[in-house]
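K.L.:
I am sharing structure-v9.csv, which consists of CSV, C-alpha atoms:
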chain,number,residue,atom,x,y,z
A,1,MET,CA,11.2,20.3,24.5
A,2,LYS,CA,13.9,18.3,26.3
A,3,VAL,CA,17.4,19.0,27.3
A,4,TRP,CA,20.1,16.4,28.2
A,5,ALA,CA,22.4,17.5,30.9
A,6,THR,CA,25.6,15.7,31.7
A,7,THR,CA,28.6,16.1,34.0
A,8,VAL,CA,31.8,14.6,32.6
A,9,ARG,CA,35.0,13.6,34.4
A,10,GLU,CA,38.0,12.1,32.5
A,11,GLU,CA,35.8,11.7,29.3
A,12,LYS,CA,33.2,9.6,31.2
A,13,ILE,CA,29.7,10.7,32.1
A,14,THR,CA,29.3,10.8,35.8
A,15,ARG,CA,25.7,12.3,36.1
A,16,ASP,CA,23.0,12.8,33.5
A,17,ILE,CA,19.4,13.8,33.3
A,18,VAL,CA,16.9,14.4,30.6
A,19,PHE,CA,14.8,17.4,31.7
A,20,GLU,CA,11.6,18.6,30.0
A,21,TYR,CA,10.8,22.3,29.6
A,22,GLU,CA,8.4,24.5,27.8
A,23,HIS,CA,10.3,27.1,25.8
A,24,ILE,CA,13.3,29.3,26.2
A,25,SER,CA,12.5,32.8,24.9
A,26,ASN,CA,15.3,34.8,26.7
A,27,GLU,CA,18.4,34.5,28.8
A,28,ASP,CA,16.3,34.6,32.1
A,29,ASP,CA,14.4,31.5,31.0
A,30,PHE,CA,17.7,29.8,30.2
A,31,VAL,CA,19.1,30.6,33.7
A,32,ALA,CA,15.9,29.4,35.4
A,33,LEU,CA,16.1,26.1,33.5
A,34,LEU,CA,19.8,25.7,34.3
A,35,GLN,CA,19.0,26.3,38.0
A,36,GLN,CA,16.4,23.6,38.0
A,37,ILE,CA,18.6,21.1,36.3
A,38,CYS,CA,21.5,21.8,38.7
A,39,GLU,CA,19.3,21.4,41.6
A,40,LYS,CA,18.1,18.0,40.4
A,41,LEU,CA,21.7,16.9,39.7
A,42,ASP,CA,22.8,18.3,43.1
A,43,ILE,CA,25.6,20.4,41.6
A,44,PRO,CA,26.4,24.2,41.9
A,45,THR,CA,24.9,26.4,39.3
A,46,PRO,CA,27.5,27.9,36.9
A,47,VAL,CA,27.8,31.5,35.9
A,48,VAL,CA,25.9,32.0,32.6
A,49,THR,CA,27.4,34.3,30.0
A,50,TYR,CA,25.9,35.6,26.8
A,51,VAL,CA,28.1,33.1,25.0
A,52,ASN,CA,26.6,30.2,26.8
A,53,PHE,CA,23.1,31.3,26.0
A,54,ASN,CA,24.0,32.1,22.4
A,55,HIS,CA,25.6,28.7,21.8
A,56,TYR,CA,22.5,27.0,23.2
A,57,VAL,CA,20.2,29.0,21.0
A,58,LEU,CA,22.3,28.7,17.8
A,59,PHE,CA,23.8,25.2,18.2
A,60,ASN,CA,21.5,23.5,20.7
A,61,THR,CA,24.4,22.8,23.0
A,62,THR,CA,26.6,24.6,25.5
A,63,LYS,CA,29.5,23.6,27.8
A,64,PHE,CA,30.4,24.9,31.2
A,65,LYS,CA,34.0,24.3,32.3
A,66,SER,CA,35.3,24.5,35.8
A,67,ARG,CA,36.2,28.2,35.5
A,68,ASP,CA,32.4,28.9,35.1
A,69,PHE,CA,31.7,27.7,38.6
A,70,VAL,CA,32.2,29.7,41.7
A,71,GLU,CA,32.2,26.6,44.0
A,72,SER,CA,34.4,23.6,43.6
A,73,ILE,CA,33.1,20.8,41.4
A,74,ASP,CA,33.9,17.1,41.1
A,75,PHE,CA,33.8,16.9,37.3
A,76,ASP,CA,35.7,18.4,34.4
A,77,TYR,CA,32.7,20.0,32.6
A,78,PHE,CA,28.9,20.3,32.5
A,79,ASN,CA,27.2,20.0,29.1
A,80,LEU,CA,23.7,20.9,28.0
A,81,GLU,CA,22.3,19.5,24.8
A,82,ALA,CA,18.8,20.0,23.3
A,83,VAL,CA,17.1,16.7,22.5
A,84,PRO,CA,15.0,17.0,19.3
A,85,ASP,CA,11.4,16.0,19.5
A,86,LYS,CA,10.5,13.0,17.4
A,87,LYS,CA,7.9,13.8,14.8
A,88,LYS,CA,5.1,11.4,14.2
A,89,LYS,CA,4.5,10.2,10.7
Here is the file; what I need is its structure written in the form of structure tokens.

P.N.:
Amino acid sequence: MKVWATTVREEKITRDIVFEYEHISNEDDFVALLQQICEKLDIPTPVVTYVNFNHYVLFNTTKFKSRDFVESIDFDYFNLEAVPDKKKK
């Protein structure tokens, strides 16, 4: 599976990455994935709540706002969105 991670400032994407991962079966897997993505983007890792994990599992997307980060950030929000796999015909 793949996830598209973006940082957005003033409605413009400032950083993005498509990251491939195996499977998320619980919140710990989600946090580990998030830490790897943030390391690649060179941004601080946000605080993950149950709501963030739940939104990702149910809606294939979640958003982290500035209040979700302990450190200061240079963007308005950080978005994770699942990229559906294309099925071969």

K.L.:
Go through A:Tyr21, A:Met1, A:Thr6, A:Asp85 one by one, measure the shortest atom-to-atom distance of each to Phe64 of chain A using only C-alpha atoms, and give the residue with the smallest value.

P.N.:
A:Thr6

K.L.:
Could you give me, as a PyMOL selection string, the residues within 10 Å of Arg15 of chain A, counting all atoms listed in the file and dropping anything in the same chain fewer than 5 positions from it?

P.N.:
chain A and resi 5-9+41-43+75+78

K.L.:
Which residue is closest to Asp74 of chain A? Choose from A:Phe30, A:Pro44, A:Gln36, A:Val57 and count all atoms listed in the file.

P.N.:
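That would be A:Pro44, the residue with the smallest distance to Asp74 of chain A.
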
K.L.:
Choose the residue, out of A:Leu34, A:Ile24, A:Ala82, A:Val18, that has the smallest atom-to-atom separation from Phe59 of chain A; count all atoms listed in the file.

P.N.:
A:Ala82

K.L.:
Quick one: distance from atom CA of Ile37 of chain A to atom CA of Phe19 of chain A in Å, one decimal?

P.N.:
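Atom CA of Phe19 of chain A lies 7.0 Å from atom CA of Ile37 of chain A.
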
K.L.:
Using only C-alpha atoms, can you tell me which of A:Asp68, A:Ile73, A:Glu39, A:Glu81 comes closest to His55 of chain A?

P.N.:
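When distances to His55 of chain A are compared using only C-alpha atoms, the smallest one comes from A:Glu81.
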
K.L.:
Ranking A:Val70, A:Thr62, A:Ile17, A:Asp76 by minimum distance to Cys38 of chain A and counting all atoms listed in the file, which one comes first?

P.N.:
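Under the stated criterion, the closest residue is A:Ile17.
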
K.L.:
So how many Å separate atom CA of Trp4 of chain A and atom CA of Glu20 of chain A, to one decimal?

P.N.:
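Rounded to one decimal, the two atoms are 9.0 Å apart.
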
K.L.:
So how far away is atom CA of Val47 of chain A from atom CA of Ile13 of chain A, in Å?

P.N.:
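It comes out at 21.2 Å.
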
K.L.:
For a quick check of understanding, using only C-alpha atoms, which of A:Ser66, A:Tyr77, A:Tyr56, A:Ser72 has the smallest distance to Asn26 of chain A?

P.N.:
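Using only C-alpha atoms, the shortest distance to Asn26 of chain A belongs to A:Tyr56.
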
K.L.:
Export chain A of the preceding structure, keeping C-alpha atoms, as an mmCIF file, in the first residue's frame.

P.N.:
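Result file decode_15.cif:
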data_model
loop_
_atom_site.group_PDB
_atom_site.id
_atom_site.type_symbol
_atom_site.label_atom_id
_atom_site.label_comp_id
_atom_site.auth_asym_id
_atom_site.auth_seq_id
_atom_site.Cartn_x
_atom_site.Cartn_y
_atom_site.Cartn_z
ATOM 1 C CA MET A 1 0.000 0.000 0.000
ATOM 2 C CA LYS A 2 1.020 3.612 -0.421
ATOM 3 C CA VAL A 3 0.396 6.828 1.437
ATOM 4 C CA TRP A 4 0.755 10.367 0.092
ATOM 5 C CA ALA A 5 2.037 12.766 2.728
ATOM 6 C CA THR A 6 1.930 16.532 2.159
ATOM 7 C CA THR A 7 2.706 19.678 4.102
ATOM 8 C CA VAL A 8 0.576 22.666 3.162
ATOM 9 C CA ARG A 9 1.142 26.365 3.739
ATOM 10 C CA GLU A 10 -1.335 28.976 2.529
ATOM 11 C CA GLU A 11 -3.186 26.334 0.477
ATOM 12 C CA LYS A 12 -0.024 25.316 -1.439
ATOM 13 C CA ILE A 13 1.825 22.029 -1.081
ATOM 14 C CA THR A 14 5.325 22.738 0.232
ATOM 15 C CA ARG A 15 6.558 19.147 0.653
ATOM 16 C CA ASP A 16 5.226 15.814 -0.451
ATOM 17 C CA ILE A 17 6.223 12.178 -0.602
ATOM 18 C CA VAL A 18 4.593 8.940 -1.652
ATOM 19 C CA PHE A 19 5.626 6.314 0.878
ATOM 20 C CA GLU A 20 5.116 2.576 0.451
ATOM 21 C CA TYR A 21 4.272 0.393 3.448
ATOM 22 C CA GLU A 22 3.052 -3.093 4.202
ATOM 23 C CA HIS A 23 -0.094 -2.913 6.310
ATOM 24 C CA ILE A 24 -1.411 -0.968 9.279
ATOM 25 C CA SER A 25 -3.075 -3.305 11.725
ATOM 26 C CA ASN A 26 -3.030 -1.140 14.854
ATOM 27 C CA GLU A 27 -2.208 2.323 16.181
ATOM 28 C CA ASP A 28 1.438 1.405 16.882
ATOM 29 C CA ASP A 29 1.945 0.532 13.203
ATOM 30 C CA PHE A 30 0.386 3.862 12.254
ATOM 31 C CA VAL A 31 2.727 5.775 14.583
ATOM 32 C CA ALA A 32 5.766 3.899 13.231
ATOM 33 C CA LEU A 33 4.732 4.724 9.665
ATOM 34 C CA LEU A 34 4.195 8.366 10.590
ATOM 35 C CA GLN A 35 7.644 8.577 12.209
ATOM 36 C CA GLN A 36 9.302 7.193 9.069
ATOM 37 C CA ILE A 37 7.447 9.636 6.830
ATOM 38 C CA CYS A 38 8.276 12.628 9.040
ATOM 39 C CA GLU A 39 11.927 11.608 9.087
ATOM 40 C CA LYS A 40 12.004 11.488 5.277
ATOM 41 C CA LEU A 41 10.290 14.908 5.040
ATOM 42 C CA ASP A 42 12.557 16.313 7.774
ATOM 43 C CA ILE A 43 9.663 17.562 9.888
ATOM 44 C CA PRO A 44 8.762 16.925 13.544
ATOM 45 C CA THR A 45 6.462 14.008 14.281
ATOM 46 C CA PRO A 46 3.000 15.109 15.429
ATOM 47 C CA VAL A 47 1.184 13.774 18.459
ATOM 48 C CA VAL A 48 -1.150 11.011 17.269
ATOM 49 C CA THR A 49 -4.583 10.748 18.822
ATOM 50 C CA TYR A 50 -7.175 8.031 18.494
ATOM 51 C CA VAL A 51 -9.128 10.361 16.211
ATOM 52 C CA ASN A 52 -6.207 10.622 13.754
ATOM 53 C CA PHE A 53 -5.813 6.861 13.605
ATOM 54 C CA ASN A 54 -9.564 6.327 13.304
ATOM 55 C CA HIS A 55 -9.909 8.850 10.456
ATOM 56 C CA TYR A 56 -7.091 7.182 8.559
ATOM 57 C CA VAL A 57 -8.616 3.715 8.954
ATOM 58 C CA LEU A 58 -12.199 4.763 8.172
ATOM 59 C CA PHE A 59 -11.693 7.518 5.578
ATOM 60 C CA ASN A 60 -8.152 6.824 4.250
ATOM 61 C CA THR A 61 -7.042 10.326 5.217
ATOM 62 C CA THR A 62 -6.109 12.322 8.298
ATOM 63 C CA LYS A 63 -4.885 15.869 8.928
ATOM 64 C CA PHE A 64 -2.490 17.160 11.579
ATOM 65 C CA LYS A 65 -2.778 20.870 12.380
ATOM 66 C CA SER A 66 -0.163 23.031 14.092
ATOM 67 C CA ARG A 67 -1.661 22.290 17.517
ATOM 68 C CA ASP A 68 -0.763 18.597 17.001
ATOM 69 C CA PHE A 69 2.965 19.373 16.953
ATOM 70 C CA VAL A 70 5.078 20.001 20.046
ATOM 71 C CA GLU A 71 7.802 21.741 18.030
ATOM 72 C CA SER A 72 7.273 24.760 15.801
ATOM 73 C CA ILE A 73 6.524 24.044 12.150
ATOM 74 C CA ASP A 74 6.824 26.011 8.915
ATOM 75 C CA PHE A 75 3.505 24.860 7.422
ATOM 76 C CA ASP A 76 -0.200 25.143 8.246
ATOM 77 C CA TYR A 77 -1.045 21.440 8.283
ATOM 78 C CA PHE A 78 0.269 17.978 7.475
ATOM 79 C CA ASN A 79 -1.978 15.609 5.549
ATOM 80 C CA LEU A 80 -1.804 11.828 5.073
ATOM 81 C CA GLU A 81 -3.889 10.204 2.359
ATOM 82 C CA ALA A 82 -3.968 6.548 1.323
ATOM 83 C CA VAL A 83 -3.269 5.940 -2.361
ATOM 84 C CA PRO A 84 -5.423 3.121 -3.735
ATOM 85 C CA ASP A 85 -3.593 0.355 -5.571
ATOM 86 C CA LYS A 86 -4.437 0.080 -9.226
ATOM 87 C CA LYS A 87 -5.936 -3.264 -10.079
ATOM 88 C CA LYS A 88 -4.757 -5.034 -13.202
ATOM 89 C CA LYS A 89 -7.423 -6.123 -15.662
#
